[in-house]
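Shown next: target-v7.cif, containing mmCIF, C-alpha atoms and all ligand atoms.
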```cif
data_entry
#
loop_
_atom_site.label_atom_id
_atom_site.label_comp_id
_atom_site.auth_asym_id
_atom_site.auth_seq_id
_atom_site.Cartn_x
_atom_site.Cartn_y
_atom_site.Cartn_z
CA MET W 1 0.00 0.00 0.00
CA ASP W 2 1.43 3.41 -0.84
CA ARG W 3 1.78 6.15 1.74
CA PRO W 4 -1.20 8.36 0.75
CA LEU W 5 -3.66 5.53 1.14
CA HIS W 6 -1.90 4.39 4.29
CA ILE W 7 -2.67 7.78 5.81
CA ILE W 8 -6.27 7.73 4.62
CA ARG W 9 -6.81 4.26 6.06
CA LEU W 10 -5.62 5.58 9.41
CA LEU W 11 -7.85 8.67 9.24
CA ALA W 12 -10.86 6.83 7.77
CA ASP W 13 -12.38 6.35 11.25
CA GLY W 14 -13.08 10.10 11.35
CA GLU W 15 -11.23 10.41 14.70
CA CYS W 16 -8.48 12.92 15.40
CA HIS W 17 -4.96 11.43 15.12
CA SER W 18 -1.95 13.26 16.52
CA GLY W 19 0.99 14.13 14.25
CA ALA W 20 3.18 11.92 16.46
CA ALA W 21 0.83 8.95 16.08
CA ILE W 22 0.68 9.39 12.31
CA ALA W 23 4.46 9.72 12.15
CA ALA W 24 4.89 6.51 14.16
CA HIS W 25 2.32 4.71 12.00
CA LEU W 26 4.12 5.69 8.80
CA GLY W 27 7.62 5.42 10.23
CA VAL W 28 8.51 8.99 9.21
CA SER W 29 9.35 12.30 10.88
CA ARG W 30 6.62 14.76 11.98
CA THR W 31 7.64 17.22 9.24
CA ALA W 32 7.17 14.45 6.69
CA VAL W 33 3.66 13.89 8.09
CA TRP W 34 2.59 17.42 7.36
CA LYS W 35 3.97 17.20 3.81
CA ALA W 36 2.33 13.84 3.23
CA LEU W 37 -1.02 15.11 4.48
CA ARG W 38 -0.83 18.13 2.20
CA LYS W 39 0.02 15.91 -0.75
CA VAL W 40 -2.75 13.40 -0.12
CA ALA W 41 -5.30 16.19 0.31
CA GLU W 42 -4.16 17.69 -2.98
CA ASP W 43 -3.90 14.41 -4.93
CA LEU W 44 -7.30 13.11 -3.86
CA ASP W 45 -9.05 16.48 -3.56
CA LEU W 46 -9.83 15.73 0.09
CA THR W 47 -10.32 18.01 3.05
CA ILE W 48 -8.14 17.14 6.06
CA ILE W 49 -8.88 19.15 9.17
CA ALA W 50 -5.99 20.20 11.42
CA GLU W 51 -7.09 20.66 15.05
CA ARG W 52 -4.67 22.77 17.03
CA GLY W 53 -2.90 20.74 19.69
CA ARG W 54 -4.84 17.58 18.85
CA GLY W 55 -3.92 16.44 15.34
CA TYR W 56 -5.62 15.69 12.07
CA ARG W 57 -8.94 14.23 11.00
CA LEU W 58 -11.29 13.85 8.06
CA PRO W 59 -14.57 15.81 8.14
CA ALA W 60 -16.48 12.50 8.48
CA PRO W 61 -15.60 8.78 8.65
CA LEU W 62 -15.08 6.97 5.33
CA GLU W 63 -15.87 3.36 4.53
CA LEU W 64 -13.16 2.46 2.03
CA LEU W 65 -13.69 -0.30 -0.53
CA ASP W 66 -12.52 -3.70 0.62
CA PRO W 67 -12.27 -6.62 -1.87
CA GLN W 68 -12.80 -9.24 0.85
CA ARG W 69 -15.95 -7.57 2.18
CA ILE W 70 -17.34 -7.22 -1.34
CA LEU W 71 -16.61 -10.83 -2.31
CA THR W 72 -17.99 -12.35 0.87
CA ALA W 73 -21.22 -10.34 0.55
CA LEU W 74 -21.83 -11.89 -2.89
CA SER W 75 -23.69 -15.15 -3.44
CA PRO W 76 -21.41 -18.11 -4.29
CA GLU W 77 -22.90 -18.12 -7.84
CA ALA W 78 -22.03 -14.44 -8.40
CA GLN W 79 -18.60 -14.89 -6.80
CA ALA W 80 -17.86 -17.69 -9.24
CA LYS W 81 -18.60 -15.39 -12.19
CA ILE W 82 -16.15 -12.70 -11.09
CA GLN W 83 -12.93 -13.48 -12.90
CA ARG W 84 -11.06 -10.38 -11.79
CA LEU W 85 -11.77 -7.75 -9.15
CA GLU W 86 -9.88 -4.47 -9.48
CA ILE W 87 -10.12 -1.60 -7.01
CA TYR W 88 -8.37 1.68 -7.76
CA ASP W 89 -7.82 4.64 -5.45
CA ASN W 90 -7.72 7.20 -8.21
CA ILE W 91 -8.53 6.52 -11.83
CA ASP W 92 -9.83 8.43 -14.84
CA SER W 93 -12.98 6.33 -15.25
CA THR W 94 -13.78 2.71 -14.42
CA ASN W 95 -15.57 2.42 -17.79
CA SER W 96 -12.58 3.82 -19.70
CA ARG W 97 -10.27 1.51 -17.77
CA LEU W 98 -12.31 -1.59 -18.65
CA MET W 99 -12.66 -0.49 -22.30
CA ARG W 100 -8.86 -0.51 -22.52
CA GLU W 101 -8.59 -3.86 -20.73
CA ALA W 102 -11.38 -5.46 -22.80
CA ALA W 103 -9.57 -4.51 -26.01
CA GLU W 104 -6.52 -6.35 -24.62
CA GLY W 105 -8.55 -9.50 -23.90
CA ALA W 106 -9.65 -9.12 -20.25
CA PRO W 107 -12.10 -11.90 -19.33
CA SER W 108 -15.86 -11.63 -19.05
CA GLY W 109 -16.68 -11.00 -15.40
CA THR W 110 -13.96 -8.38 -14.82
CA LEU W 111 -15.27 -6.02 -12.15
CA CYS W 112 -13.64 -2.64 -11.62
CA LEU W 113 -14.32 -0.18 -8.80
CA ALA W 114 -12.68 3.06 -7.78
CA GLU W 115 -12.55 5.31 -4.73
CA ARG W 116 -12.37 8.31 -7.02
CA GLN W 117 -12.70 9.07 -10.73
CA THR W 118 -10.95 12.07 -12.22
CA ALA W 119 -12.88 11.86 -15.51
CA GLY W 120 -16.09 10.02 -14.60
CA ARG W 121 -18.39 9.86 -17.60
CA GLY W 122 -22.18 10.03 -17.82
CA ARG W 123 -24.56 9.54 -20.71
CA LEU W 124 -24.78 11.95 -23.63
CA GLY W 125 -21.27 13.29 -23.10
CA ARG W 126 -21.92 14.53 -19.54
CA GLY W 127 -19.46 14.12 -16.67
CA TRP W 128 -20.15 12.16 -13.48
CA VAL W 129 -19.23 13.75 -10.16
CA SER W 130 -16.87 11.23 -8.50
CA PRO W 131 -15.20 12.43 -5.28
CA PHE W 132 -12.91 10.17 -3.20
CA GLY W 133 -14.20 7.64 -0.70
CA ALA W 134 -17.88 8.30 -1.26
CA ASN W 135 -20.50 6.97 -3.70
CA LEU W 136 -20.13 3.91 -5.88
CA TYR W 137 -18.23 3.88 -9.17
CA LEU W 138 -18.43 0.37 -10.59
CA SER W 139 -18.01 -1.18 -14.05
CA LEU W 140 -18.50 -4.75 -15.20
CA LEU W 141 -17.12 -6.27 -18.39
CA TRP W 142 -19.39 -8.95 -19.88
CA ARG W 143 -18.89 -10.84 -23.12
CA PHE W 144 -21.70 -12.16 -25.33
CA PRO W 145 -21.53 -14.69 -28.17
CA PHE W 146 -23.78 -12.48 -30.35
CA GLY W 147 -23.23 -9.03 -31.90
CA PRO W 148 -24.23 -5.55 -30.69
CA THR W 149 -27.69 -5.69 -32.32
CA GLY W 150 -28.57 -8.59 -30.00
CA MET W 151 -27.70 -6.31 -27.09
CA ALA W 152 -30.44 -3.75 -27.80
CA GLY W 153 -32.40 -3.35 -24.60
CA LEU W 154 -29.53 -4.51 -22.38
CA SER W 155 -29.25 -1.06 -20.83
CA LEU W 156 -32.90 -1.32 -19.73
CA ALA W 157 -32.34 -4.75 -18.22
CA ALA W 158 -29.28 -3.41 -16.37
CA GLY W 159 -31.27 -0.37 -15.16
CA ALA W 160 -34.00 -2.61 -13.73
CA ALA W 161 -31.31 -4.73 -12.01
CA VAL W 162 -29.73 -1.67 -10.37
CA ALA W 163 -33.17 -0.42 -9.27
CA ASP W 164 -33.77 -3.85 -7.66
CA ALA W 165 -30.39 -3.67 -5.89
CA LEU W 166 -31.17 -0.21 -4.49
CA ARG W 167 -34.58 -1.35 -3.27
CA ALA W 168 -32.92 -4.33 -1.63
CA ALA W 169 -30.54 -1.86 0.08
CA GLY W 170 -33.60 -0.25 1.65
CA ALA W 171 -34.43 2.59 -0.76
CA ASP W 172 -38.17 2.49 -1.39
CA ASP W 173 -39.75 4.83 -3.93
CA ILE W 174 -37.17 3.96 -6.58
CA ALA W 175 -38.22 4.73 -10.14
CA LEU W 176 -36.68 4.53 -13.60
CA LYS W 177 -36.67 7.24 -16.22
CA TRP W 178 -36.13 5.90 -19.71
CA PRO W 179 -33.70 4.60 -20.68
CA ASN W 180 -31.97 4.02 -17.36
CA ASP W 181 -31.82 6.94 -14.94
CA VAL W 182 -32.50 5.68 -11.43
CA LEU W 183 -34.49 8.22 -9.43
CA TRP W 184 -35.73 8.54 -5.88
CA GLN W 185 -38.70 10.86 -5.53
CA ARG W 186 -37.84 12.29 -8.96
CA ARG W 187 -34.26 13.12 -7.99
CA LYS W 188 -31.34 11.31 -9.57
CA LEU W 189 -29.80 8.69 -7.29
CA ALA W 190 -27.91 6.54 -9.81
CA GLY W 191 -27.08 6.31 -13.49
CA LEU W 192 -25.81 3.73 -15.94
CA LEU W 193 -23.48 4.06 -18.90
CA LEU W 194 -23.34 0.98 -21.13
CA GLU W 195 -20.67 0.88 -23.81
CA VAL W 196 -20.70 -1.87 -26.41
CA ALA W 197 -17.98 -3.04 -28.80
CA GLY W 198 -17.26 -6.11 -30.90
CA GLU W 199 -17.92 -7.79 -34.20
CA ALA W 200 -21.21 -7.09 -36.02
CA HIS W 201 -22.13 -10.80 -35.97
CA GLY W 202 -20.50 -11.51 -32.61
CA PRO W 203 -18.78 -11.97 -30.33
CA ALA W 204 -19.21 -8.63 -28.62
CA TYR W 205 -18.93 -7.20 -25.14
CA VAL W 206 -20.41 -4.54 -22.93
CA ILE W 207 -18.91 -2.39 -20.22
CA ALA W 208 -21.79 -1.70 -17.84
CA GLY W 209 -20.87 1.29 -15.68
CA VAL W 210 -22.95 2.23 -12.65
CA GLY W 211 -22.66 5.31 -10.48
CA VAL W 212 -24.67 5.52 -7.25
CA ASN W 213 -24.65 8.62 -5.06
CA THR W 214 -24.15 7.56 -1.45
CA HIS W 215 -22.85 10.86 -0.10
CA LEU W 216 -22.30 14.14 -1.90
CA GLU W 217 -21.42 17.40 -0.19
CA PRO W 218 -23.60 20.31 -1.36
CA ASP W 219 -20.67 21.90 -3.23
CA GLN W 220 -20.04 18.62 -5.08
CA GLY W 221 -23.73 18.28 -5.94
CA ALA W 222 -23.77 21.86 -7.24
CA ALA W 223 -21.90 20.59 -10.30
CA ILE W 224 -24.88 18.38 -11.24
CA ASP W 225 -27.31 20.12 -13.60
CA ARG W 226 -30.46 18.34 -12.39
CA PRO W 227 -32.13 17.49 -9.09
CA TRP W 228 -30.09 14.82 -7.28
CA VAL W 229 -30.18 12.84 -4.09
CA ASP W 230 -27.82 10.49 -2.24
CA LEU W 231 -28.41 7.38 -0.13
CA ASP W 232 -27.47 9.27 3.03
CA GLN W 233 -30.54 11.48 2.46
CA VAL W 234 -32.72 8.50 1.52
CA LEU W 235 -31.70 6.08 4.29
CA GLY W 236 -30.10 8.29 6.93
CA ARG W 237 -26.45 9.27 7.18
CA GLY W 238 -23.98 6.41 7.41
CA THR W 239 -26.67 3.72 7.08
CA CYS W 240 -25.51 2.44 3.73
CA SER W 241 -22.35 0.32 3.58
CA ARG W 242 -20.45 1.03 0.36
CA ASN W 243 -19.03 -2.51 0.31
CA ALA W 244 -22.45 -4.12 0.78
CA LEU W 245 -23.88 -1.82 -1.89
CA ALA W 246 -21.05 -2.71 -4.29
CA ALA W 247 -21.81 -6.40 -3.77
CA GLY W 248 -25.56 -5.86 -4.21
CA VAL W 249 -25.14 -3.90 -7.45
CA ALA W 250 -22.48 -6.27 -8.85
CA GLY W 251 -24.58 -9.35 -8.01
CA ALA W 252 -27.70 -7.85 -9.62
CA LEU W 253 -25.77 -6.86 -12.75
CA ILE W 254 -24.17 -10.29 -13.11
CA SER W 255 -27.47 -12.12 -12.88
CA ALA W 256 -29.05 -9.61 -15.33
CA MET W 257 -26.23 -10.22 -17.85
CA GLU W 258 -26.63 -13.97 -17.61
CA ARG W 259 -30.40 -13.84 -17.92
CA PHE W 260 -30.28 -11.39 -20.81
CA ALA W 261 -27.87 -13.69 -22.68
CA ARG W 262 -30.35 -16.56 -22.30
CA GLU W 263 -33.72 -14.83 -22.61
CA GLY W 264 -33.21 -11.30 -23.96
CA LEU W 265 -35.13 -8.27 -22.69
CA THR W 266 -38.57 -9.92 -22.31
CA PRO W 267 -38.27 -11.09 -18.66
CA PHE W 268 -37.14 -7.61 -17.57
CA LEU W 269 -40.01 -5.65 -19.13
CA ALA W 270 -42.53 -6.23 -16.35
CA ALA W 271 -40.09 -5.04 -13.67
CA TRP W 272 -39.15 -2.06 -15.81
CA GLU W 273 -42.79 -1.10 -16.18
CA ARG W 274 -43.32 -1.26 -12.42
CA TYR W 275 -40.50 1.25 -11.99
CA ASP W 276 -41.59 3.39 -14.96
CA LEU W 277 -41.98 6.93 -13.68
CA TYR W 278 -43.44 8.77 -16.62
CA ARG W 279 -45.90 6.33 -18.14
CA GLY W 280 -49.11 8.16 -19.08
CA GLU W 281 -47.53 11.56 -18.50
CA GLN W 282 -46.91 14.38 -20.95
CA VAL W 283 -43.22 14.36 -21.76
CA GLU W 284 -40.71 15.84 -24.13
CA VAL W 285 -38.17 13.64 -25.85
CA GLN W 286 -34.97 15.19 -27.11
CA TRP W 287 -33.27 13.53 -30.04
CA GLY W 288 -30.23 15.52 -31.10
CA ARG W 289 -31.67 18.96 -31.81
CA GLN W 290 -35.17 17.65 -32.30
CA ARG W 291 -37.73 17.89 -29.49
CA VAL W 292 -40.94 15.88 -29.63
CA ARG W 293 -43.79 16.19 -27.14
CA GLY W 294 -46.44 13.65 -26.41
CA THR W 295 -47.88 11.13 -24.00
CA HIS W 296 -45.44 8.53 -22.69
CA LEU W 297 -46.94 5.14 -23.62
CA GLY W 298 -44.24 2.95 -22.09
CA LEU W 299 -41.88 0.57 -23.89
CA ASP W 300 -42.25 -1.71 -26.87
CA ALA W 301 -40.92 -5.28 -26.84
CA GLN W 302 -37.43 -4.09 -27.90
CA GLY W 303 -37.26 -1.48 -25.15
CA ALA W 304 -37.90 1.50 -27.43
CA LEU W 305 -39.92 4.36 -25.93
CA ARG W 306 -43.39 4.87 -27.41
CA LEU W 307 -44.77 8.35 -27.59
CA ASP W 308 -48.27 9.41 -28.66
CA THR W 309 -47.62 12.78 -30.30
CA GLY W 310 -51.28 13.50 -31.05
CA THR W 311 -50.70 12.87 -34.74
CA GLY W 312 -49.42 9.32 -34.37
CA ILE W 313 -47.19 7.00 -32.35
CA GLU W 314 -43.44 7.60 -32.56
CA THR W 315 -40.84 5.24 -31.12
CA PHE W 316 -37.38 6.17 -29.88
CA GLN W 317 -34.50 3.70 -29.61
CA ALA W 318 -32.73 3.16 -26.29
CA GLY W 319 -29.61 5.05 -25.56
CA GLU W 320 -29.74 8.48 -27.14
CA VAL W 321 -32.88 10.20 -26.07
CA SER W 322 -33.27 12.36 -22.99
CA LEU W 323 -36.61 12.95 -21.46
CA ARG W 324 -38.14 15.66 -19.29
CA PRO W 325 -41.68 16.37 -18.20
CA ALA W 326 -43.21 18.79 -20.69
CA GLY W 327 -42.81 22.34 -19.45
CA GLY W 328 -40.29 21.06 -16.86
C1 LIG T 401 -25.56 8.76 -16.39
O1 LIG T 401 -25.28 9.76 -17.06
O2 LIG T 401 -26.61 8.67 -15.76
C2 LIG T 401 -24.60 7.59 -16.35
C3 LIG T 401 -23.60 7.73 -15.24
C4 LIG T 401 -22.64 6.56 -15.16
C5 LIG T 401 -21.52 6.81 -14.16
C6 LIG T 401 -20.70 5.57 -13.93
S1 LIG T 401 -19.60 5.76 -12.56
C7 LIG T 401 -18.81 4.26 -13.00
C8 LIG T 401 -18.69 4.27 -14.50
N1 LIG T 401 -17.50 4.99 -14.92
C9 LIG T 401 -17.80 6.09 -15.60
O3 LIG T 401 -16.97 6.90 -16.05
N2 LIG T 401 -19.12 6.21 -15.71
C10 LIG T 401 -19.82 5.12 -15.08
#
```

Could you render the structure from this file as structure tokens?
Amino acid sequence: MDRPLHIIRLLADGECHSGAAIAAHLGVSRTAVWKALRKVAEDLDLTIIAERGRGYRLPAPLELLDPQRILTALSPEAQAKIQRLEIYDNIDSTNSRLMREAAEGAPSGTLCLAERQTAGRGRLGRGWVSPFGANLYLSLLWRFPFGPTGMAGLSLAAGAAVADALRAAGADDIALKWPNDVLWQRRKLAGLLLEVAGEAHGPAYVIAGVGVNTHLEPDQGAAIDRPWVDLDQVLGRGTCSRNALAAGVAGALISAMERFAREGLTPFLAAWERYDLYRGEQVEVQWGRQRVRGTHLGLDAQGALRLDTGTGIETFQAGEVSLRPAGG
């Protein structure tokens, strides 16, 4: 373990640690402690509070990611499907990382998590706010024997799986906004970014990236251009274990990938409809520069969104359409 993370592991309990204790822990001088703390705060964009005469602490305790805790919280079936588990302290994006690894032949079932992303990516070219030691940034590489066209609707299946995992973690009132925004009381709690590559007629693979807000400071949330919420607000501060959540989301995604490979989108449609937030409502669909208004009629069998525009029914394919309540 390198020194920065060594320090963070010591401070993760949220308690105040004296300079002398930190120095002894790291086996360095007290001047080196101050330098190391400054560097770690800078590198990870973290606040470390210095309390005069007492020492140093984080603003709040952190539950850092722990491979053993994640693996043991998974069912034996899901564990057996994980071929590689990678946890990074600081990475550009877990999706970008797995895209690079997949191109070099990484196996299906590679799971990648990070404490922090410096270039977290959202749908439609947006960024994803990814501070250190909070939230969940998780990507799964899954390979399919068929080509990308057979994977249409996979992002909906994955969205329903993540919604199930969040409900299982105790968040009631979860809803989905097409294609796969996960909302709690109409505020964004989680999002998915699925990236597909491969041969037209197969094989192909997907990187399924999931971001879940567990704790965002108001200044971090200010960078998000829509209403948001985190699990601390939904469940109560500190109630949600990041490691348990990582296992819950990974397990749900793995079983969704396996089921989708066998049965396609059909078995996920009923669950998706139960979570469907906007069905029957007046909405506006944006497609590039085009905006179309109408009544949200739900999904067709391929997962496309059906809209009654008043002059006919239009369908929109998964993946590139954003949706807002009309007038909203
Ligand atoms: C969205 O716009 O709703 C999708 C957000 C997806 C964010 C996750 S965080 C883990 C993975 N790595 C990324 O860079 N993005 C996804």

Give me, as number ranges by chain, all polymer residues having an atom no more than 10 Å from Val33 (chain W), counting only C-alpha atoms and skipping those fewer than 2 positions away in the same chain. W: 7, 19-24, 26-31, 35-39

Among the residues W:His201, W:Arg97, W:Arg143, W:Arg274, the one that comes closest to ligand LIG 401 (chain T) [using all atoms listed in the file]: W:Arg97

Tell me, as a list of chain:residue names, which residues lie within 10 Å of Ile254 (chain W), counting all atoms listed in the file; anything in the same chain fewer than 3 positions away does not count. W:Glu77, W:Ala78, W:Gln79, W:Lys81, W:Ile82, W:Gly109, W:Leu111, W:Leu140, W:Leu141, W:Trp142, W:Ala158, W:Ala161, W:Val249, W:Ala250, W:Gly251, W:Met257, W:Glu258, W:Arg259, W:Phe260

Closest of W:Leu183, W:Cys112, W:Ala160, W:Ala208 to Arg226 (chain W) - atom-to-atom distances counting only C-alpha atoms: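 Smallest distance to Arg226 (chain W) is found for W:Leu183.
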
Using only C-alpha atoms, which residues sit within 10 Å of Pro148 (chain W) once same-chain residues fewer than 6 positions away are excluded, as a list in words?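 That gives Leu154, Val196, Ala197, Gly198, Glu199, Ala200, His201, Gly202, Pro203, Ala204, Tyr205 and Val206 of chain W.
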
Contacts of Leu269 (chain W) within 8 Å, all atoms listed in the file, excl. fewer than 3 positions in-chain, as a list in words: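 Contacts, in chain order: Ala157, Leu265, Thr266, Trp272, Glu273, Ala301 and Gly303 of chain W.
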
For region 63-71 of chain W, list every protein, DNA or RNA residue within 8 Å, evaluated using all atoms listed in the file, and leave out those in the same chain fewer than 6 positions away; present the list as a ChimeraX atom specification. /W:9,12,79,85,87,115,133-134,241-244,246-247

With 5 Å of padding per side, what axis-aligned box (centre and edge lengths, Å, one decimal) covers all the listed atoms of ligand LIG 401 (chain T)? Give it as AutoDock Vina command-line options.
```
--center_x -21.8 --center_y 7.0 --center_z -14.8 --size_x 19.6 --size_y 15.5 --size_z 14.5
```

Around ligand LIG 401 (chain T), at most 10 Å away and counting all atoms listed in the file, which residues are there? Put them as a JSON list (two decimals) with C-alpha atoms, keeping the file's coordinate frame, please.
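selection26.json written:
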```json
[["chain", "number", "residue", "atom", "x", "y", "z"],
["W", 91, "ILE", "CA", -8.53, 6.52, -11.83],
["W", 92, "ASP", "CA", -9.83, 8.43, -14.84],
["W", 93, "SER", "CA", -12.98, 6.33, -15.25],
["W", 94, "THR", "CA", -13.78, 2.71, -14.42],
["W", 95, "ASN", "CA", -15.57, 2.42, -17.79],
["W", 96, "SER", "CA", -12.58, 3.82, -19.70],
["W", 97, "ARG", "CA", -10.27, 1.51, -17.77],
["W", 98, "LEU", "CA", -12.31, -1.59, -18.65],
["W", 112, "CYS", "CA", -13.64, -2.64, -11.62],
["W", 113, "LEU", "CA", -14.32, -0.18, -8.80],
["W", 114, "ALA", "CA", -12.68, 3.06, -7.78],
["W", 116, "ARG", "CA", -12.37, 8.31, -7.02],
["W", 117, "GLN", "CA", -12.70, 9.07, -10.73],
["W", 118, "THR", "CA", -10.95, 12.07, -12.22],
["W", 119, "ALA", "CA", -12.88, 11.86, -15.51],
["W", 120, "GLY", "CA", -16.09, 10.02, -14.60],
["W", 121, "ARG", "CA", -18.39, 9.86, -17.60],
["W", 122, "GLY", "CA", -22.18, 10.03, -17.82],
["W", 123, "ARG", "CA", -24.56, 9.54, -20.71],
["W", 124, "LEU", "CA", -24.78, 11.95, -23.63],
["W", 125, "GLY", "CA", -21.27, 13.29, -23.10],
["W", 126, "ARG", "CA", -21.92, 14.53, -19.54],
["W", 127, "GLY", "CA", -19.46, 14.12, -16.67],
["W", 128, "TRP", "CA", -20.15, 12.16, -13.48],
["W", 129, "VAL", "CA", -19.23, 13.75, -10.16],
["W", 130, "SER", "CA", -16.87, 11.23, -8.50],
["W", 135, "ASN", "CA", -20.50, 6.97, -3.70],
["W", 136, "LEU", "CA", -20.13, 3.91, -5.88],
["W", 137, "TYR", "CA", -18.23, 3.88, -9.17],
["W", 138, "LEU", "CA", -18.43, 0.37, -10.59],
["W", 139, "SER", "CA", -18.01, -1.18, -14.05],
["W", 140, "LEU", "CA", -18.50, -4.75, -15.20],
["W", 179, "PRO", "CA", -33.70, 4.60, -20.68],
["W", 180, "ASN", "CA", -31.97, 4.02, -17.36],
["W", 181, "ASP", "CA", -31.82, 6.94, -14.94],
["W", 182, "VAL", "CA", -32.50, 5.68, -11.43],
["W", 188, "LYS", "CA", -31.34, 11.31, -9.57],
["W", 189, "LEU", "CA", -29.80, 8.69, -7.29],
["W", 190, "ALA", "CA", -27.91, 6.54, -9.81],
["W", 191, "GLY", "CA", -27.08, 6.31, -13.49],
["W", 192, "LEU", "CA", -25.81, 3.73, -15.94],
["W", 193, "LEU", "CA", -23.48, 4.06, -18.90],
["W", 194, "LEU", "CA", -23.34, 0.98, -21.13],
["W", 195, "GLU", "CA", -20.67, 0.88, -23.81],
["W", 207, "ILE", "CA", -18.91, -2.39, -20.22],
["W", 208, "ALA", "CA", -21.79, -1.70, -17.84],
["W", 209, "GLY", "CA", -20.87, 1.29, -15.68],
["W", 210, "VAL", "CA", -22.95, 2.23, -12.65],
["W", 211, "GLY", "CA", -22.66, 5.31, -10.48],
["W", 212, "VAL", "CA", -24.67, 5.52, -7.25],
["W", 213, "ASN", "CA", -24.65, 8.62, -5.06]]
```

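One finds CA of Trp178 (chain W) at 23.3 Å from CA of Arg262 (chain W).
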
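The residue that comes closest to Gly248 (chain W), out of W:Ala223, W:Val283, W:Ala261, W:Ala168 and on the basis of all atoms listed in the file, is W:Ala168.
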
Mind listing as an MDAnalysis selection string all residues within 6 Å of (-38.6, 5.6, -30.4), counting all atoms listed in the file? chainID W and resid 304:306 314:317

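Between CA of Gly294 (chain W) and CA of Gly280 (chain W) the interatomic distance comes to 9.5 Å.
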
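Of note, CA of Ala270 (chain W) and CA of Gly298 (chain W) are spaced 11.0 Å apart.
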
Let me make sure I understand: among W:Gly147, W:Gly153, W:Gly14, W:Pro61, which one has the smallest atom-to-atom distance to Pro267 (chain W) if we use all atoms listed in the file?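 Going through W:Gly147, W:Gly153, W:Gly14, W:Pro61 one by one, the smallest distance to Pro267 (chain W) is for W:Gly153.
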
Find the residues with any atom within 10 Å of (-31.8, -0.4, -0.3); use all atoms listed in the file and the coordinates as given in the file, and write the answer as an MDAnalysis selection string. chainID W and resid 163:172 174 231 234:235 239:240 245 248
